[in-house]
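Undergrad: Sharing entry_10.txt below, compact mmCIF, N, CA and C atoms:
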```
# COMPACT_ATOMS: atom_id res chain seq x y z
N MET O 1371 0.85 -1.17 0.00
CA MET O 1371 0.00 0.00 0.00
C MET O 1371 0.90 1.24 0.00
N ALA O 1372 0.54 2.19 -0.81
CA ALA O 1372 1.34 3.40 -0.97
C ALA O 1372 1.21 4.31 0.25
N ASP O 1373 2.27 5.06 0.48
CA ASP O 1373 2.29 5.97 1.62
C ASP O 1373 1.17 7.01 1.56
N PHE O 1374 0.84 7.46 0.34
CA PHE O 1374 -0.21 8.49 0.24
C PHE O 1374 -1.57 7.93 0.68
N ASN O 1375 -1.79 6.63 0.50
CA ASN O 1375 -3.05 6.02 0.98
C ASN O 1375 -3.08 5.99 2.50
N ILE O 1376 -1.97 5.67 3.10
CA ILE O 1376 -1.90 5.65 4.56
C ILE O 1376 -2.08 7.07 5.11
N ASP O 1377 -1.46 8.03 4.44
CA ASP O 1377 -1.64 9.43 4.84
C ASP O 1377 -3.11 9.84 4.74
N ARG O 1378 -3.77 9.40 3.69
CA ARG O 1378 -5.19 9.74 3.51
C ARG O 1378 -6.04 9.09 4.60
N ILE O 1379 -5.74 7.86 4.97
CA ILE O 1379 -6.46 7.20 6.06
C ILE O 1379 -6.33 8.03 7.33
N ASN O 1380 -5.12 8.48 7.61
CA ASN O 1380 -4.88 9.29 8.80
C ASN O 1380 -5.61 10.63 8.73
N GLU O 1381 -5.61 11.27 7.56
CA GLU O 1381 -6.33 12.54 7.39
C GLU O 1381 -7.82 12.36 7.67
N LEU O 1382 -8.39 11.30 7.11
CA LEU O 1382 -9.82 11.06 7.30
C LEU O 1382 -10.14 10.75 8.77
N TYR O 1383 -9.25 10.04 9.43
CA TYR O 1383 -9.47 9.75 10.85
C TYR O 1383 -9.48 11.04 11.66
N LYS O 1384 -8.49 11.90 11.43
CA LYS O 1384 -8.41 13.16 12.17
C LYS O 1384 -9.64 14.03 11.90
N LYS O 1385 -10.05 14.08 10.63
CA LYS O 1385 -11.21 14.88 10.28
C LYS O 1385 -12.47 14.32 10.93
N SER O 1386 -12.58 12.99 11.01
CA SER O 1386 -13.77 12.39 11.63
C SER O 1386 -13.88 12.75 13.10
N LYS O 1387 -12.74 12.89 13.77
CA LYS O 1387 -12.74 13.26 15.19
C LYS O 1387 -13.01 14.74 15.39
N GLU O 1388 -12.61 15.58 14.43
CA GLU O 1388 -12.75 17.03 14.58
C GLU O 1388 -14.12 17.54 14.13
N VAL O 1389 -14.50 17.23 12.89
CA VAL O 1389 -15.74 17.80 12.34
C VAL O 1389 -16.70 16.76 11.77
N GLY O 1390 -16.27 15.54 11.62
CA GLY O 1390 -17.11 14.51 11.02
C GLY O 1390 -16.83 14.35 9.55
N LEU O 1391 -17.34 13.28 8.97
CA LEU O 1391 -17.10 12.96 7.57
C LEU O 1391 -18.41 12.97 6.80
N SER O 1392 -18.31 13.33 5.53
CA SER O 1392 -19.46 13.21 4.64
C SER O 1392 -19.64 11.73 4.29
N PRO O 1393 -20.80 11.36 3.76
CA PRO O 1393 -20.99 9.94 3.37
C PRO O 1393 -19.94 9.45 2.37
N GLU O 1394 -19.53 10.32 1.44
CA GLU O 1394 -18.51 9.93 0.46
C GLU O 1394 -17.17 9.68 1.14
N GLU O 1395 -16.85 10.52 2.11
CA GLU O 1395 -15.58 10.37 2.82
C GLU O 1395 -15.60 9.11 3.70
N LYS O 1396 -16.75 8.81 4.29
CA LYS O 1396 -16.87 7.57 5.09
C LYS O 1396 -16.66 6.35 4.21
N GLU O 1397 -17.23 6.41 3.02
CA GLU O 1397 -17.08 5.31 2.06
C GLU O 1397 -15.61 5.17 1.65
N GLU O 1398 -14.96 6.29 1.37
CA GLU O 1398 -13.54 6.27 1.00
C GLU O 1398 -12.70 5.72 2.15
N GLN O 1399 -13.00 6.15 3.37
CA GLN O 1399 -12.26 5.68 4.55
C GLN O 1399 -12.41 4.16 4.70
N ASP O 1400 -13.61 3.67 4.54
CA ASP O 1400 -13.87 2.23 4.66
C ASP O 1400 -13.12 1.45 3.58
N ARG O 1401 -13.15 1.97 2.35
CA ARG O 1401 -12.46 1.30 1.24
C ARG O 1401 -10.95 1.28 1.47
N LEU O 1402 -10.38 2.39 1.93
CA LEU O 1402 -8.94 2.46 2.18
C LEU O 1402 -8.53 1.55 3.34
N ARG O 1403 -9.35 1.51 4.38
CA ARG O 1403 -9.03 0.63 5.52
C ARG O 1403 -9.05 -0.83 5.10
N LYS O 1404 -10.03 -1.22 4.31
CA LYS O 1404 -10.10 -2.61 3.84
C LYS O 1404 -8.89 -2.96 2.98
N ALA O 1405 -8.48 -2.03 2.13
CA ALA O 1405 -7.30 -2.27 1.30
C ALA O 1405 -6.05 -2.40 2.17
N TYR O 1406 -5.96 -1.58 3.22
CA TYR O 1406 -4.81 -1.63 4.12
C TYR O 1406 -4.76 -2.98 4.84
N VAL O 1407 -5.89 -3.44 5.35
CA VAL O 1407 -5.93 -4.72 6.06
C VAL O 1407 -5.57 -5.86 5.11
N ALA O 1408 -6.08 -5.83 3.89
CA ALA O 1408 -5.76 -6.87 2.91
C ALA O 1408 -4.26 -6.87 2.59
N SER O 1409 -3.69 -5.70 2.45
CA SER O 1409 -2.25 -5.59 2.19
C SER O 1409 -1.44 -6.13 3.36
N PHE O 1410 -1.86 -5.80 4.57
CA PHE O 1410 -1.17 -6.28 5.77
C PHE O 1410 -1.22 -7.81 5.84
N ARG O 1411 -2.39 -8.37 5.60
CA ARG O 1411 -2.53 -9.84 5.64
C ARG O 1411 -1.66 -10.51 4.58
N ASN O 1412 -1.64 -9.96 3.38
CA ASN O 1412 -0.82 -10.55 2.32
C ASN O 1412 0.66 -10.51 2.66
N ASN O 1413 1.11 -9.39 3.23
CA ASN O 1413 2.51 -9.28 3.63
C ASN O 1413 2.85 -10.28 4.73
N LEU O 1414 1.97 -10.41 5.70
CA LEU O 1414 2.21 -11.35 6.79
C LEU O 1414 2.22 -12.79 6.27
N ARG O 1415 1.28 -13.10 5.40
CA ARG O 1415 1.23 -14.45 4.82
C ARG O 1415 2.52 -14.75 4.06
N GLY O 1416 3.03 -13.79 3.33
CA GLY O 1416 4.29 -13.97 2.60
C GLY O 1416 5.45 -14.24 3.54
N GLN O 1417 5.50 -13.54 4.65
CA GLN O 1417 6.56 -13.77 5.63
C GLN O 1417 6.43 -15.15 6.25
N LEU O 1418 5.21 -15.53 6.61
CA LEU O 1418 5.01 -16.84 7.23
C LEU O 1418 5.31 -17.98 6.25
N ASP O 1419 4.98 -17.78 4.99
CA ASP O 1419 5.23 -18.82 3.99
C ASP O 1419 6.72 -19.09 3.80
N ASN O 1420 7.56 -18.14 4.15
CA ASN O 1420 9.00 -18.32 4.01
C ASN O 1420 9.67 -18.82 5.29
N MET O 1421 8.91 -19.04 6.35
CA MET O 1421 9.48 -19.52 7.61
C MET O 1421 9.51 -21.04 7.64
N LYS O 1422 10.42 -21.55 8.45
CA LYS O 1422 10.53 -23.00 8.65
C LYS O 1422 10.50 -23.27 10.14
N ILE O 1423 9.92 -24.41 10.50
CA ILE O 1423 9.84 -24.83 11.90
C ILE O 1423 10.75 -26.04 12.08
N GLN O 1424 11.60 -25.97 13.09
CA GLN O 1424 12.43 -27.12 13.41
C GLN O 1424 11.83 -27.82 14.63
N HIS O 1425 11.49 -29.08 14.45
CA HIS O 1425 10.89 -29.88 15.51
C HIS O 1425 11.98 -30.43 16.43
N PRO O 1426 11.61 -30.85 17.64
CA PRO O 1426 12.60 -31.39 18.58
C PRO O 1426 13.39 -32.58 18.02
N ASP O 1427 12.78 -33.34 17.11
CA ASP O 1427 13.49 -34.49 16.53
C ASP O 1427 14.49 -34.06 15.45
N GLY O 1428 14.54 -32.75 15.14
CA GLY O 1428 15.49 -32.23 14.18
C GLY O 1428 14.93 -32.04 12.78
N SER O 1429 13.72 -32.53 12.55
CA SER O 1429 13.13 -32.36 11.23
C SER O 1429 12.70 -30.91 11.04
N ILE O 1430 12.74 -30.49 9.80
CA ILE O 1430 12.38 -29.11 9.46
C ILE O 1430 11.16 -29.15 8.55
N GLU O 1431 10.20 -28.30 8.88
CA GLU O 1431 8.95 -28.26 8.13
C GLU O 1431 8.69 -26.82 7.68
N ASN O 1432 8.28 -26.66 6.44
CA ASN O 1432 7.89 -25.34 5.94
C ASN O 1432 6.51 -24.98 6.49
N VAL O 1433 6.33 -23.76 6.93
CA VAL O 1433 5.03 -23.31 7.43
C VAL O 1433 4.00 -23.36 6.31
N LYS O 1434 4.44 -23.05 5.10
CA LYS O 1434 3.54 -23.07 3.95
C LYS O 1434 2.96 -24.48 3.75
N ASP O 1435 3.80 -25.50 3.86
CA ASP O 1435 3.34 -26.88 3.70
C ASP O 1435 2.42 -27.28 4.84
N ARG O 1436 2.70 -26.81 6.01
CA ARG O 1436 1.89 -27.13 7.19
C ARG O 1436 0.48 -26.57 7.01
N ARG O 1437 0.40 -25.35 6.50
CA ARG O 1437 -0.90 -24.72 6.28
C ARG O 1437 -1.69 -25.48 5.22
N LYS O 1438 -1.02 -25.94 4.15
CA LYS O 1438 -1.69 -26.69 3.10
C LYS O 1438 -2.28 -27.97 3.66
N ASP O 1439 -1.53 -28.65 4.56
CA ASP O 1439 -2.02 -29.89 5.14
C ASP O 1439 -3.27 -29.65 5.96
N LYS O 1440 -3.31 -28.56 6.72
CA LYS O 1440 -4.49 -28.26 7.53
C LYS O 1440 -5.68 -27.87 6.67
N ASP O 1441 -5.43 -27.23 5.54
CA ASP O 1441 -6.50 -26.85 4.62
C ASP O 1441 -7.15 -28.08 3.99
N ASN O 1442 -6.38 -29.15 3.82
CA ASN O 1442 -6.89 -30.37 3.19
C ASN O 1442 -7.69 -31.24 4.15
N GLU O 1443 -7.61 -30.98 5.44
CA GLU O 1443 -8.32 -31.82 6.42
C GLU O 1443 -9.79 -31.55 6.44
```
Could I get this file's structure written as structure tokens?

TA:
Amino acid sequence: MADFNIDRINELYKKSKEVGLSPEEKEEQDRLRKAYVASFRNNLRGQLDNMKIQHPDGSIENVKDRRKDKDNE
């Protein structure tokens, strides 16, 4: 997500606390927040997919593979 979108989210938040938002601005705020959360989740998922877990027996398992196994159950 671009910095200007985050700046706009912050501007709308401050304005909502000071004077309130018009219906169009509320809609824009909601859309930007949803995009931010989706971006955050995708970034976190990417980080987790690159992690590996080492079990006490010494075996190493990819988190990505572990998630796929749980999805198939």

Undergrad: So, with only C-alpha atoms as the atoms that count, which of O:Arg1378, O:Arg1436, O:Arg1411, O:His1425 lies closest to O:Lys1396?

TA: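 Using only C-alpha atoms, O:Lys1396 sits closest to O:Arg1378.
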
Undergrad: Given only C-alpha atoms as the basis, pick out the residue of O:Met1371, O:Leu1391, O:Val1433, O:Ile1379 nearest to O:Asn1412.

TA: O:Met1371

Undergrad: Grab the atom N of O:Tyr1383 to atom CA of O:Gln1399 distance for me, in Å with one decimal place.

TA: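 One can read the atom N of O:Tyr1383 to atom CA of O:Gln1399 distance as 7.2 Å.
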
Undergrad: One number please: atom N of O:Asp1435 to atom CA of O:Asp1419, in Å, one decimal.

TA: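 Interatomic distance, atom N of O:Asp1435 to atom CA of O:Asp1419: 6.8 Å.
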
Undergrad: Based on DSSP run over this structure's backbone, return all residues of chain O in alpha helix (DSSP H), as a ChimeraX atom specification.

TA: /O:1373-1388,1393-1419,1433-1442

Undergrad: Write to file, as a short mmCIF file (atom, residue, chain, number, x, y, z; two decimals), in the frame of the given file, the residues of the selection just made, with N, CA and C atoms.

TA:
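Full text of out_15.cif as output:
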```
data_model
loop_
_atom_site.label_atom_id
_atom_site.label_comp_id
_atom_site.auth_asym_id
_atom_site.auth_seq_id
_atom_site.Cartn_x
_atom_site.Cartn_y
_atom_site.Cartn_z
N ASP O 1373 2.27 5.06 0.48
CA ASP O 1373 2.29 5.97 1.62
C ASP O 1373 1.17 7.01 1.56
N PHE O 1374 0.84 7.46 0.34
CA PHE O 1374 -0.21 8.49 0.24
C PHE O 1374 -1.57 7.93 0.68
N ASN O 1375 -1.79 6.63 0.50
CA ASN O 1375 -3.05 6.02 0.98
C ASN O 1375 -3.08 5.99 2.50
N ILE O 1376 -1.97 5.67 3.10
CA ILE O 1376 -1.90 5.65 4.56
C ILE O 1376 -2.08 7.07 5.11
N ASP O 1377 -1.46 8.03 4.44
CA ASP O 1377 -1.64 9.43 4.84
C ASP O 1377 -3.11 9.84 4.74
N ARG O 1378 -3.77 9.40 3.69
CA ARG O 1378 -5.19 9.74 3.51
C ARG O 1378 -6.04 9.09 4.60
N ILE O 1379 -5.74 7.86 4.97
CA ILE O 1379 -6.46 7.20 6.06
C ILE O 1379 -6.33 8.03 7.33
N ASN O 1380 -5.12 8.48 7.61
CA ASN O 1380 -4.88 9.29 8.80
C ASN O 1380 -5.61 10.63 8.73
N GLU O 1381 -5.61 11.27 7.56
CA GLU O 1381 -6.33 12.54 7.39
C GLU O 1381 -7.82 12.36 7.67
N LEU O 1382 -8.39 11.30 7.11
CA LEU O 1382 -9.82 11.06 7.30
C LEU O 1382 -10.14 10.75 8.77
N TYR O 1383 -9.25 10.04 9.43
CA TYR O 1383 -9.47 9.75 10.85
C TYR O 1383 -9.48 11.04 11.66
N LYS O 1384 -8.49 11.90 11.43
CA LYS O 1384 -8.41 13.16 12.17
C LYS O 1384 -9.64 14.03 11.90
N LYS O 1385 -10.05 14.08 10.63
CA LYS O 1385 -11.21 14.88 10.28
C LYS O 1385 -12.47 14.32 10.93
N SER O 1386 -12.58 12.99 11.01
CA SER O 1386 -13.77 12.39 11.63
C SER O 1386 -13.88 12.75 13.10
N LYS O 1387 -12.74 12.89 13.77
CA LYS O 1387 -12.74 13.26 15.19
C LYS O 1387 -13.01 14.74 15.39
N GLU O 1388 -12.61 15.58 14.43
CA GLU O 1388 -12.75 17.03 14.58
C GLU O 1388 -14.12 17.54 14.13
N PRO O 1393 -20.80 11.36 3.76
CA PRO O 1393 -20.99 9.94 3.37
C PRO O 1393 -19.94 9.45 2.37
N GLU O 1394 -19.53 10.32 1.44
CA GLU O 1394 -18.51 9.93 0.46
C GLU O 1394 -17.17 9.68 1.14
N GLU O 1395 -16.85 10.52 2.11
CA GLU O 1395 -15.58 10.37 2.82
C GLU O 1395 -15.60 9.11 3.70
N LYS O 1396 -16.75 8.81 4.29
CA LYS O 1396 -16.87 7.57 5.09
C LYS O 1396 -16.66 6.35 4.21
N GLU O 1397 -17.23 6.41 3.02
CA GLU O 1397 -17.08 5.31 2.06
C GLU O 1397 -15.61 5.17 1.65
N GLU O 1398 -14.96 6.29 1.37
CA GLU O 1398 -13.54 6.27 1.00
C GLU O 1398 -12.70 5.72 2.15
N GLN O 1399 -13.00 6.15 3.37
CA GLN O 1399 -12.26 5.68 4.55
C GLN O 1399 -12.41 4.16 4.70
N ASP O 1400 -13.61 3.67 4.54
CA ASP O 1400 -13.87 2.23 4.66
C ASP O 1400 -13.12 1.45 3.58
N ARG O 1401 -13.15 1.97 2.35
CA ARG O 1401 -12.46 1.30 1.24
C ARG O 1401 -10.95 1.28 1.47
N LEU O 1402 -10.38 2.39 1.93
CA LEU O 1402 -8.94 2.46 2.18
C LEU O 1402 -8.53 1.55 3.34
N ARG O 1403 -9.35 1.51 4.38
CA ARG O 1403 -9.03 0.63 5.52
C ARG O 1403 -9.05 -0.83 5.10
N LYS O 1404 -10.03 -1.22 4.31
CA LYS O 1404 -10.10 -2.61 3.84
C LYS O 1404 -8.89 -2.96 2.98
N ALA O 1405 -8.48 -2.03 2.13
CA ALA O 1405 -7.30 -2.27 1.30
C ALA O 1405 -6.05 -2.40 2.17
N TYR O 1406 -5.96 -1.58 3.22
CA TYR O 1406 -4.81 -1.63 4.12
C TYR O 1406 -4.76 -2.98 4.84
N VAL O 1407 -5.89 -3.44 5.35
CA VAL O 1407 -5.93 -4.72 6.06
C VAL O 1407 -5.57 -5.86 5.11
N ALA O 1408 -6.08 -5.83 3.89
CA ALA O 1408 -5.76 -6.87 2.91
C ALA O 1408 -4.26 -6.87 2.59
N SER O 1409 -3.69 -5.70 2.45
CA SER O 1409 -2.25 -5.59 2.19
C SER O 1409 -1.44 -6.13 3.36
N PHE O 1410 -1.86 -5.80 4.57
CA PHE O 1410 -1.17 -6.28 5.77
C PHE O 1410 -1.22 -7.81 5.84
N ARG O 1411 -2.39 -8.37 5.60
CA ARG O 1411 -2.53 -9.84 5.64
C ARG O 1411 -1.66 -10.51 4.58
N ASN O 1412 -1.64 -9.96 3.38
CA ASN O 1412 -0.82 -10.55 2.32
C ASN O 1412 0.66 -10.51 2.66
N ASN O 1413 1.11 -9.39 3.23
CA ASN O 1413 2.51 -9.28 3.63
C ASN O 1413 2.85 -10.28 4.73
N LEU O 1414 1.97 -10.41 5.70
CA LEU O 1414 2.21 -11.35 6.79
C LEU O 1414 2.22 -12.79 6.27
N ARG O 1415 1.28 -13.10 5.40
CA ARG O 1415 1.23 -14.45 4.82
C ARG O 1415 2.52 -14.75 4.06
N GLY O 1416 3.03 -13.79 3.33
CA GLY O 1416 4.29 -13.97 2.60
C GLY O 1416 5.45 -14.24 3.54
N GLN O 1417 5.50 -13.54 4.65
CA GLN O 1417 6.56 -13.77 5.63
C GLN O 1417 6.43 -15.15 6.25
N LEU O 1418 5.21 -15.53 6.61
CA LEU O 1418 5.01 -16.84 7.23
C LEU O 1418 5.31 -17.98 6.25
N ASP O 1419 4.98 -17.78 4.99
CA ASP O 1419 5.23 -18.82 3.99
C ASP O 1419 6.72 -19.09 3.80
N VAL O 1433 6.33 -23.76 6.93
CA VAL O 1433 5.03 -23.31 7.43
C VAL O 1433 4.00 -23.36 6.31
N LYS O 1434 4.44 -23.05 5.10
CA LYS O 1434 3.54 -23.07 3.95
C LYS O 1434 2.96 -24.48 3.75
N ASP O 1435 3.80 -25.50 3.86
CA ASP O 1435 3.34 -26.88 3.70
C ASP O 1435 2.42 -27.28 4.84
N ARG O 1436 2.70 -26.81 6.01
CA ARG O 1436 1.89 -27.13 7.19
C ARG O 1436 0.48 -26.57 7.01
N ARG O 1437 0.40 -25.35 6.50
CA ARG O 1437 -0.90 -24.72 6.28
C ARG O 1437 -1.69 -25.48 5.22
N LYS O 1438 -1.02 -25.94 4.15
CA LYS O 1438 -1.69 -26.69 3.10
C LYS O 1438 -2.28 -27.97 3.66
N ASP O 1439 -1.53 -28.65 4.56
CA ASP O 1439 -2.02 -29.89 5.14
C ASP O 1439 -3.27 -29.65 5.96
N LYS O 1440 -3.31 -28.56 6.72
CA LYS O 1440 -4.49 -28.26 7.53
C LYS O 1440 -5.68 -27.87 6.67
N ASP O 1441 -5.43 -27.23 5.54
CA ASP O 1441 -6.50 -26.85 4.62
C ASP O 1441 -7.15 -28.08 3.99
N ASN O 1442 -6.38 -29.15 3.82
CA ASN O 1442 -6.89 -30.37 3.19
C ASN O 1442 -7.69 -31.24 4.15
#
```
